[in-house]
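Here is the structure we will look at.
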Amino acid sequence: MSLNDVLSRIDADLPDATDRLMALLRIPSISTDPAFKDACDRAADWLAADLNSLGIATQKRPTPGHPMVVGHLDGPGPHLLFYGHYDVQPVDPLALWDNNPFDPQIEETAKGRVIRGRGASDDKGQLMTFIEACRAWKAVHGSLPCKLTFFLEGEEESGSPSLVPFMQENAKELKSDIALICDTGLFESKTPAIVTMLRGLLGEEITITGPNVDLHSGMYGGVAINPIRVLSRVIAALHDDQGRIMVPGFYDGVAELSDEMEAQWQGLAFDHAGFLGDVGLSHPAGEQDRTPLEMIWSRPTCEVNGIWGGYTGDGFKTVLPAQAHAKVSFRLVGDQDPLVIRENFRAMVREMLPQDCEVSFEGHGASKASMTQTDDPSFEAARRALSEEWQVPAAYVGCGGSIPIAGFFQDILGTTPMLVGFGKDDDAIHSPNEKYDVESFHKGIRSWARILAALAT
């Protein structure tokens with residue numbers, strides 16, 4: 001029996017595979033809301049039972065929060081770990097959903113058939129592509145071609161508070177040759193991709209305090225310092241006219257793209273005009289000597305995510321506020337050290353303060369970027385497998401967002417992460433009417449079967 005037999009089994013079993021996904025989607029496993037704790041437990045139980053039915057020795061493992069699902073299957077070849085998460089985002093605003101978010105439906109759309117429901121793309125549909133590939137392989141061959149570990153989390157959408165302690169306590173059990181992560185997507189919704197660069201993330205909240213109470217602007221305007229004016233100067237100083245970030249030492253550890261990666265990205269012919277046009281914009285606003293894909297994938301950023309102070313209600317109130325606030329985030333790349341950047345940023349702000357002003361800071365996370373070296377032969381084998389399935393040359397790509405689990409596999413377990421996903425840009429993850437294309441689900445299952453075959457050899 002060959003890989004073709006497994007692919008044929010996947011095709012024939014697609015209706016039943018879809019039904020299984022629908023059953024998992026009906027469980028409202030919202031991790032951030034304590035009201036759904038029992039639902040998260042049910043989702044973990046459902047997955048453990050499904051994996052056990054495939055002969056994979058699986059347990060629901062307790063944590064201080066929601067449980068982990070860990071399963072093992074001995075076998076030949078390399079040891080692969082598969083990671084996914086069974087928890088989902090809240091559904092608010094519920095009024096914007098066309099149907100009950102936990103009553104998933106198959107819908108016909110102008111672009112094809114889709115599975116509509118919360119978690120369809122992020123991450124239950126993606127998670128089940130790998131399990132269904134294993135199910136078909138087991139049905140055809142009686143066994144799987146590799147040693148496998150399944151590691152399914154229930155807190156990804158709520159900050160993963162239990163993840164690092166669990167990985168540290170169970171590092172020996174979870175260590176593997178490669179960690180497969182299915183929580184990404186197709187490039188421009190059509191090109192299969194392996195993500196090799198993930199940006200790190202640093203969050204800072206600033207509060208600048210001037211007078212000890214809000215002041216009447218007629219009595220004190222002109223003579224009293226206005227914290228909003230000070231904050232505005234700080235924010236304006238974060239970038240120069242060419243989009244370069246001016247925090248001292250900010251670019252330490254930022255590497256240039258290799259010639260090979262630059263050529264591959266150029267070959268993707270990224271339509272940045274369409275990308276920006278979809279959100280009513282037209283001009284790339286980052287570092288002006290960089291391509292748009294570099295701005296998104298391989299260059300660091302500094303963005304102001306919120307500003308407030310003074311009176312912001314209806315009408316008008318002539319007040320000088322006692323305080324002004326801002327939230328600033330930095331996306332990091334390469335070997336940038338978030339803790340060094342934090343100290344440099346805070347020192348820069350302090351140096352800009354005039355007399356009569358004080359500043360306080362609150363940190364909101366600090367994670368380094370994650371990079372994967374693609375010289376491991378497994379990556380080229382997986383890329384060829386994806387290309388064969390989608391009949392489009394698969395690409396190594398970056399990701400503008402941050403997926404901390406990839407870095408945790410490297411730092412805690414010493415395991416190489418490989419990120420492959422089949423989501424599309426219009427899947428509306430985290431939003432009302434989330435969907436996952438039936439094609440993504442079907443070809444995702446077939447893709448994992450091909451990757452299993454490729455990595456086993």
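Starting from 1 in every chain, residues are counted up; chains themselves are A, B, ... following the order of the structure tokens, and ligands are numbered from 1 as listed.
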* Considering only C-alpha atoms, return as JSON, numbers by chain whatever protein or nucleic-acid residues lie within 10 Å of segment 292-296 of chain A, sequence-local ones (same chain, fewer than 2 positions apart) excluded. => {"A": [199, 256, 257, 262, 265, 266, 268, 269, 270, 271, 272, 273, 275, 283, 284, 285, 286, 287, 288, 289, 290, 298, 299, 300, 301, 331, 397, 398, 399, 400, 401]}
What does the file look like for those residues with C-alpha atoms, as a compact mmCIF listing (two decimals), in the first residue's frame?
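New file result-v9.txt:
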# COMPACT_ATOMS: atom_id res chain seq x y z
CA ARG A 199 8.34 38.29 15.52
CA GLU A 256 19.67 41.26 7.01
CA LEU A 257 17.82 38.75 4.86
CA GLU A 262 15.13 37.71 -0.40
CA TRP A 265 10.12 36.57 -1.20
CA GLN A 266 10.49 38.64 -4.35
CA LEU A 268 5.98 35.72 -4.28
CA ALA A 269 5.01 38.96 -6.08
CA PHE A 270 3.24 40.30 -3.00
CA ASP A 271 0.42 42.64 -3.94
CA HIS A 272 0.99 45.27 -1.29
CA ALA A 273 -1.31 47.74 -3.07
CA PHE A 275 -3.19 44.36 0.78
CA HIS A 283 1.23 53.70 0.89
CA PRO A 284 3.61 51.53 2.98
CA ALA A 285 4.41 53.60 6.06
CA GLY A 286 7.36 51.69 7.53
CA GLU A 287 11.07 52.02 6.85
CA GLN A 288 11.16 53.53 3.40
CA ASP A 289 14.26 51.63 2.26
CA ARG A 290 12.53 48.26 2.83
CA SER A 298 11.66 40.62 8.91
CA ARG A 299 11.79 44.17 10.28
CA PRO A 300 10.93 45.30 13.82
CA THR A 301 8.16 47.76 14.57
CA ARG A 331 7.37 43.64 17.31
CA VAL A 397 7.72 32.87 4.72
CA GLY A 398 7.79 35.16 7.71
CA CYS A 399 4.90 36.06 9.96
CA GLY A 400 4.17 39.53 11.24
CA GLY A 401 2.53 38.20 14.37
* DSSP strand (DSSP E or B) residues within segment 252-353 of chain A, as a ChimeraX atom specification -> /A:301-309,319-320,323-332
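Checking A:Asn433, A:Thr318, A:Leu452, A:Gly243 one by one against Glu107 of chain A, counting only C-alpha atoms, you find the shortest gap at A:Asn433.
Our summary of the geometry notes that atom CA of Leu202 of chain A is positioned 27.2 Å from atom CA of Asn170 of chain A.
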Pull the closest atom pair for each residue of segment 152-243 of chain A that gets at most 10 Å from segment 303-309 of chain A, along with the distance in Å to one decimal, counting only C-alpha atoms, ordering rows by chain and then ascending residue number, as a Markdown table.
| residue | atom | partner | partner_atom | distance |
| --- | --- | --- | --- | --- |
| A:Gly203 | CA | A:Asn305 | CA | 9.7 |
| A:Glu204 | CA | A:Val304 | CA | 9.7 |
| A:Glu205 | CA | A:Gly306 | CA | 9.2 |
| A:Ile206 | CA | A:Ile307 | CA | 9.5 |
| A:Thr207 | CA | A:Gly309 | CA | 9.5 |
| A:Ile208 | CA | A:Gly309 | CA | 9.7 |
| A:Pro227 | CA | A:Gly309 | CA | 8.4 |
| A:Ile228 | CA | A:Gly309 | CA | 6.8 |
| A:Leu231 | CA | A:Ile307 | CA | 9.0 |
| A:Ser232 | CA | A:Ile307 | CA | 9.4 |
| A:Ile235 | CA | A:Val304 | CA | 7.7 |
| A:Leu238 | CA | A:Glu303 | CA | 9.0 |
| A:His239 | CA | A:Glu303 | CA | 9.7 |
Sorted per-residue table, segment 4-57 of chain A near segment 74-96 of chain A, closest atoms and distance, 12 Å, only C-alpha atoms, as JSON lines:
{"residue": "A:Leu21", "atom": "CA", "partner": "A:Tyr86", "partner_atom": "CA", "distance": 11.4}
{"residue": "A:Leu24", "atom": "CA", "partner": "A:Tyr86", "partner_atom": "CA", "distance": 8.7}
{"residue": "A:Leu25", "atom": "CA", "partner": "A:Tyr86", "partner_atom": "CA", "distance": 9.3}
{"residue": "A:Arg26", "atom": "CA", "partner": "A:Val88", "partner_atom": "CA", "distance": 11.4}
{"residue": "A:Ile27", "atom": "CA", "partner": "A:Asp87", "partner_atom": "CA", "distance": 9.5}
{"residue": "A:Pro28", "atom": "CA", "partner": "A:Val88", "partner_atom": "CA", "distance": 7.7}
{"residue": "A:Ser29", "atom": "CA", "partner": "A:Asp87", "partner_atom": "CA", "distance": 5.1}
{"residue": "A:Ile30", "atom": "CA", "partner": "A:Val88", "partner_atom": "CA", "distance": 4.9}
{"residue": "A:Ser31", "atom": "CA", "partner": "A:Asp87", "partner_atom": "CA", "distance": 5.6}
{"residue": "A:Thr32", "atom": "CA", "partner": "A:Gln89", "partner_atom": "CA", "distance": 7.6}
{"residue": "A:Asp33", "atom": "CA", "partner": "A:Pro90", "partner_atom": "CA", "distance": 7.8}
{"residue": "A:Pro34", "atom": "CA", "partner": "A:Pro90", "partner_atom": "CA", "distance": 11.4}
{"residue": "A:Ala35", "atom": "CA", "partner": "A:Pro90", "partner_atom": "CA", "distance": 11.2}
{"residue": "A:Phe36", "atom": "CA", "partner": "A:Pro90", "partner_atom": "CA", "distance": 10.0}
{"residue": "A:Lys37", "atom": "CA", "partner": "A:Asp87", "partner_atom": "CA", "distance": 10.3}
{"residue": "A:Asp38", "atom": "CA", "partner": "A:Asp87", "partner_atom": "CA", "distance": 11.9}
{"residue": "A:Ala39", "atom": "CA", "partner": "A:Asp87", "partner_atom": "CA", "distance": 9.4}
{"residue": "A:Cys40", "atom": "CA", "partner": "A:Asp87", "partner_atom": "CA", "distance": 6.8}
{"residue": "A:Asp41", "atom": "CA", "partner": "A:Asp87", "partner_atom": "CA", "distance": 10.0}
{"residue": "A:Arg42", "atom": "CA", "partner": "A:Tyr86", "partner_atom": "CA", "distance": 10.4}
{"residue": "A:Ala43", "atom": "CA", "partner": "A:Tyr86", "partner_atom": "CA", "distance": 6.8}
{"residue": "A:Ala44", "atom": "CA", "partner": "A:Tyr86", "partner_atom": "CA", "distance": 7.4}
{"residue": "A:Asp45", "atom": "CA", "partner": "A:Tyr86", "partner_atom": "CA", "distance": 10.8}
{"residue": "A:Trp46", "atom": "CA", "partner": "A:Tyr86", "partner_atom": "CA", "distance": 10.1}
{"residue": "A:Leu47", "atom": "CA", "partner": "A:Tyr86", "partner_atom": "CA", "distance": 8.6}
{"residue": "A:Ala48", "atom": "CA", "partner": "A:Tyr86", "partner_atom": "CA", "distance": 11.4}
{"residue": "A:Gly55", "atom": "CA", "partner": "A:Asp74", "partner_atom": "CA", "distance": 10.3}
{"residue": "A:Ile56", "atom": "CA", "partner": "A:Asp74", "partner_atom": "CA", "distance": 8.7}
{"residue": "A:Ala57", "atom": "CA", "partner": "A:Asp74", "partner_atom": "CA", "distance": 9.5}
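With atom CA of Glu157 of chain A on one side and atom CA of Asp19 of chain A on the other, the separation reads 24.3 Å.
Excluding Ala406 of chain A itself and any same-chain residue fewer than 3 positions from it, the protein and nucleic acid residues within 10 Å of it, counting only C-alpha atoms, are Tyr83, Ala179, Leu180, Ile181, Thr196, Met197, Leu198, Ala369, Ser370, Met371, Thr372, Ser402, Ile403, Phe409, Gln410, Asp411, Thr415, Thr416, Pro417, Met418 and Leu419 of chain A.
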* Structure fact -> note - atom CA of Arg450 of chain A and atom CA of Arg383 of chain A are separated by 10.2 Å
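Among the candidates A:Ala453, A:Leu201, A:Met352, A:Ala385, the one nearest to Gln336 of chain A when counting only C-alpha atoms is A:Leu201.
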* Would you mind writing down, as a ChimeraX atom specification, each residue of segment 77-135 of chain A that DSSP on the backbone assigns to alpha helix (DSSP H)? => /A:124-135
Save the residues we just selected, N, CA and C atoms, as a tab-separated table (two decimals), in the first residue's frame?
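out_3.tsv written:
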chain	number	residue	atom	x	y	z
A	124	LYS	N	-9.43	24.69	15.77
A	124	LYS	CA	-9.93	23.32	15.77
A	124	LYS	C	-9.87	22.68	14.39
A	125	GLY	N	-10.24	23.46	13.36
A	125	GLY	CA	-10.17	22.90	12.01
A	125	GLY	C	-8.74	22.55	11.63
A	126	GLN	N	-7.81	23.43	11.98
A	126	GLN	CA	-6.39	23.18	11.69
A	126	GLN	C	-5.88	21.97	12.47
A	127	LEU	N	-6.23	21.93	13.75
A	127	LEU	CA	-5.81	20.81	14.61
A	127	LEU	C	-6.29	19.47	14.05
A	128	MET	N	-7.54	19.43	13.61
A	128	MET	CA	-8.11	18.17	13.14
A	128	MET	C	-7.53	17.72	11.80
A	129	THR	N	-6.91	18.64	11.02
A	129	THR	CA	-6.30	18.18	9.77
A	129	THR	C	-5.22	17.15	10.05
A	130	PHE	N	-4.44	17.36	11.09
A	130	PHE	CA	-3.37	16.41	11.40
A	130	PHE	C	-3.93	15.11	11.96
A	131	ILE	N	-4.90	15.22	12.86
A	131	ILE	CA	-5.49	14.00	13.43
A	131	ILE	C	-6.15	13.16	12.34
A	132	GLU	N	-6.84	13.81	11.40
A	132	GLU	CA	-7.50	13.06	10.33
A	132	GLU	C	-6.47	12.42	9.38
A	133	ALA	N	-5.34	13.08	9.17
A	133	ALA	CA	-4.29	12.45	8.35
A	133	ALA	C	-3.77	11.20	9.03
A	134	CYS	N	-3.60	11.26	10.35
A	134	CYS	CA	-3.15	10.07	11.09
A	134	CYS	C	-4.22	8.97	11.05
A	135	ARG	N	-5.48	9.37	11.13
A	135	ARG	CA	-6.57	8.39	11.11
A	135	ARG	C	-6.56	7.62	9.78
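The protein and nucleic acid residues lying at most 12 Å from Phe345 of chain A are Leu202, Gly203, Glu204, Glu205, Ile206, Val234, Ile235, Ala237, Leu238, Ile245, Met246, Val247, Pro248, Gly249, Phe250, Cys302, Val328, Ser329, Phe330, Pro338, Leu339, Val340, Arg350, Glu351, Met352, Phe361 and Gly363 of chain A, with only C-alpha atoms considered and sequence neighbours fewer than 5 positions away removed.
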Produce a file of the selected residues containing N, CA and C atoms, as a PDB file, in the first residue's frame.
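Result file again31.pdb:
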ATOM      1  N   LEU A 202       6.964  43.028  22.637  1.00  0.00           N
ATOM      2  CA  LEU A 202       7.197  43.755  23.881  1.00  0.00           C
ATOM      3  C   LEU A 202       6.089  44.783  24.039  1.00  0.00           C
ATOM      4  N   GLY A 203       5.461  44.824  25.202  1.00  0.00           N
ATOM      5  CA  GLY A 203       4.399  45.787  25.464  1.00  0.00           C
ATOM      6  C   GLY A 203       4.759  46.712  26.622  1.00  0.00           C
ATOM      7  N   GLU A 204       4.493  48.009  26.440  1.00  0.00           N
ATOM      8  CA  GLU A 204       4.783  49.002  27.468  1.00  0.00           C
ATOM      9  C   GLU A 204       3.600  49.955  27.608  1.00  0.00           C
ATOM     10  N   GLU A 205       3.201  50.222  28.842  1.00  0.00           N
ATOM     11  CA  GLU A 205       2.187  51.230  29.129  1.00  0.00           C
ATOM     12  C   GLU A 205       2.846  52.383  29.881  1.00  0.00           C
ATOM     13  N   ILE A 206       2.639  53.596  29.367  1.00  0.00           N
ATOM     14  CA  ILE A 206       3.281  54.795  29.929  1.00  0.00           C
ATOM     15  C   ILE A 206       2.217  55.656  30.601  1.00  0.00           C
ATOM     16  N   VAL A 234       6.895  62.689  23.078  1.00  0.00           N
ATOM     17  CA  VAL A 234       7.526  61.368  23.201  1.00  0.00           C
ATOM     18  C   VAL A 234       7.135  60.485  22.022  1.00  0.00           C
ATOM     19  N   ILE A 235       5.836  60.440  21.730  1.00  0.00           N
ATOM     20  CA  ILE A 235       5.357  59.586  20.641  1.00  0.00           C
ATOM     21  C   ILE A 235       5.929  60.041  19.304  1.00  0.00           C
ATOM     22  N   ALA A 237       8.712  61.356  18.774  1.00  0.00           N
ATOM     23  CA  ALA A 237      10.152  61.095  18.706  1.00  0.00           C
ATOM     24  C   ALA A 237      10.479  59.631  18.457  1.00  0.00           C
ATOM     25  N   LEU A 238       9.471  58.760  18.444  1.00  0.00           N
ATOM     26  CA  LEU A 238       9.748  57.333  18.299  1.00  0.00           C
ATOM     27  C   LEU A 238      10.187  56.954  16.888  1.00  0.00           C
ATOM     28  N   ILE A 245      12.985  53.569  13.560  1.00  0.00           N
ATOM     29  CA  ILE A 245      12.660  53.671  14.983  1.00  0.00           C
ATOM     30  C   ILE A 245      13.867  54.231  15.729  1.00  0.00           C
ATOM     31  N   MET A 246      13.628  55.231  16.572  1.00  0.00           N
ATOM     32  CA  MET A 246      14.702  56.028  17.151  1.00  0.00           C
ATOM     33  C   MET A 246      15.050  55.667  18.592  1.00  0.00           C
ATOM     34  N   VAL A 247      14.506  54.605  19.128  1.00  0.00           N
ATOM     35  CA  VAL A 247      14.910  54.161  20.464  1.00  0.00           C
ATOM     36  C   VAL A 247      16.383  53.767  20.405  1.00  0.00           C
ATOM     37  N   PRO A 248      17.226  54.280  21.294  1.00  0.00           N
ATOM     38  CA  PRO A 248      18.661  53.963  21.246  1.00  0.00           C
ATOM     39  C   PRO A 248      18.913  52.453  21.283  1.00  0.00           C
ATOM     40  N   GLY A 249      19.801  51.997  20.393  1.00  0.00           N
ATOM     41  CA  GLY A 249      20.174  50.587  20.353  1.00  0.00           C
ATOM     42  C   GLY A 249      19.097  49.655  19.841  1.00  0.00           C
ATOM     43  N   PHE A 250      18.025  50.217  19.277  1.00  0.00           N
ATOM     44  CA  PHE A 250      16.871  49.394  18.923  1.00  0.00           C
ATOM     45  C   PHE A 250      17.221  48.331  17.888  1.00  0.00           C
ATOM     46  N   CYS A 302       7.510  49.608  15.939  1.00  0.00           N
ATOM     47  CA  CYS A 302       7.101  50.311  17.152  1.00  0.00           C
ATOM     48  C   CYS A 302       5.768  50.964  16.833  1.00  0.00           C
ATOM     49  N   VAL A 328       2.229  51.204  24.072  1.00  0.00           N
ATOM     50  CA  VAL A 328       3.154  51.091  22.942  1.00  0.00           C
ATOM     51  C   VAL A 328       3.624  49.648  22.845  1.00  0.00           C
ATOM     52  N   SER A 329       3.568  49.088  21.634  1.00  0.00           N
ATOM     53  CA  SER A 329       4.056  47.723  21.434  1.00  0.00           C
ATOM     54  C   SER A 329       5.188  47.715  20.424  1.00  0.00           C
ATOM     55  N   PHE A 330       6.105  46.788  20.615  1.00  0.00           N
ATOM     56  CA  PHE A 330       7.235  46.591  19.719  1.00  0.00           C
ATOM     57  C   PHE A 330       7.190  45.147  19.211  1.00  0.00           C
ATOM     58  N   PRO A 338      14.301  41.873  24.185  1.00  0.00           N
ATOM     59  CA  PRO A 338      13.182  42.727  24.618  1.00  0.00           C
ATOM     60  C   PRO A 338      13.454  43.438  25.937  1.00  0.00           C
ATOM     61  N   LEU A 339      14.223  42.826  26.827  1.00  0.00           N
ATOM     62  CA  LEU A 339      14.471  43.464  28.118  1.00  0.00           C
ATOM     63  C   LEU A 339      15.417  44.650  27.971  1.00  0.00           C
ATOM     64  N   VAL A 340      16.397  44.540  27.068  1.00  0.00           N
ATOM     65  CA  VAL A 340      17.281  45.677  26.805  1.00  0.00           C
ATOM     66  C   VAL A 340      16.503  46.805  26.142  1.00  0.00           C
ATOM     67  N   ARG A 350      12.342  59.003  29.932  1.00  0.00           N
ATOM     68  CA  ARG A 350      12.724  59.785  31.113  1.00  0.00           C
ATOM     69  C   ARG A 350      13.561  61.005  30.724  1.00  0.00           C
ATOM     70  N   GLU A 351      14.454  60.819  29.742  1.00  0.00           N
ATOM     71  CA  GLU A 351      15.309  61.930  29.329  1.00  0.00           C
ATOM     72  C   GLU A 351      14.519  63.043  28.651  1.00  0.00           C
ATOM     73  N   MET A 352      13.340  62.744  28.141  1.00  0.00           N
ATOM     74  CA  MET A 352      12.530  63.746  27.451  1.00  0.00           C
ATOM     75  C   MET A 352      11.589  64.492  28.389  1.00  0.00           C
ATOM     76  N   PHE A 361       5.843  53.271  34.379  1.00  0.00           N
ATOM     77  CA  PHE A 361       5.719  52.293  33.303  1.00  0.00           C
ATOM     78  C   PHE A 361       5.108  51.005  33.841  1.00  0.00           C
ATOM     79  N   GLY A 363       4.920  47.062  32.321  1.00  0.00           N
ATOM     80  CA  GLY A 363       5.264  46.147  31.239  1.00  0.00           C
ATOM     81  C   GLY A 363       4.142  45.170  30.952  1.00  0.00           C
TER      82      GLY A 363
END
Can you list, as an mmCIF file with C-alpha atoms, in the first residue's frame, every protein, DNA or RNA residue that comes within 12 Å of Arg229 of chain A when you count only C-alpha atoms, leaving out same-chain residues fewer than 3 positions away?
data_model
loop_
_atom_site.group_PDB
_atom_site.id
_atom_site.type_symbol
_atom_site.label_atom_id
_atom_site.label_comp_id
_atom_site.auth_asym_id
_atom_site.auth_seq_id
_atom_site.Cartn_x
_atom_site.Cartn_y
_atom_site.Cartn_z
ATOM 1 C CA ILE A 208 2.997 60.768 32.485
ATOM 2 C CA THR A 209 1.910 62.819 35.491
ATOM 3 C CA GLY A 210 2.110 66.604 35.757
ATOM 4 C CA GLY A 221 -3.334 77.144 30.432
ATOM 5 C CA GLY A 222 0.054 78.390 29.224
ATOM 6 C CA ALA A 224 1.094 74.785 33.714
ATOM 7 C CA ILE A 225 2.665 71.763 32.006
ATOM 8 C CA ASN A 226 0.207 69.602 30.071
ATOM 9 C CA SER A 232 2.775 63.783 22.213
ATOM 10 C CA ARG A 233 6.440 64.805 21.998
ATOM 11 C CA VAL A 234 7.526 61.368 23.201
ATOM 12 C CA ILE A 235 5.357 59.586 20.641
ATOM 13 C CA ALA A 236 6.508 61.861 17.826
ATOM 14 C CA ILE A 307 -3.653 57.087 23.877
ATOM 15 C CA TRP A 308 -5.878 58.677 26.484
ATOM 16 C CA GLY A 309 -6.001 61.537 28.964
ATOM 17 C CA GLY A 310 -8.158 64.503 29.895
ATOM 18 C CA LEU A 320 -5.530 70.311 31.560
ATOM 19 C CA PRO A 321 -5.266 66.673 32.647
ATOM 20 C CA ALA A 322 -3.176 65.547 35.553
ATOM 21 C CA GLN A 323 -2.122 62.476 33.596
ATOM 22 C CA ALA A 324 -1.682 61.207 30.027
ATOM 23 C CA HIS A 325 -1.355 57.551 29.042
ATOM 24 C CA MET A 352 12.530 63.746 27.451
ATOM 25 C CA LEU A 353 10.580 64.727 30.571
ATOM 26 C CA PRO A 354 10.459 68.439 31.398
ATOM 27 C CA CYS A 357 6.611 65.768 35.181
#
* Asked: Pick the closest to Thr457 of chain A from A:Gln264, A:Ser158, A:Ser8, A:Ser378: which is it, counting only C-alpha atoms?
  -> A:Ser378
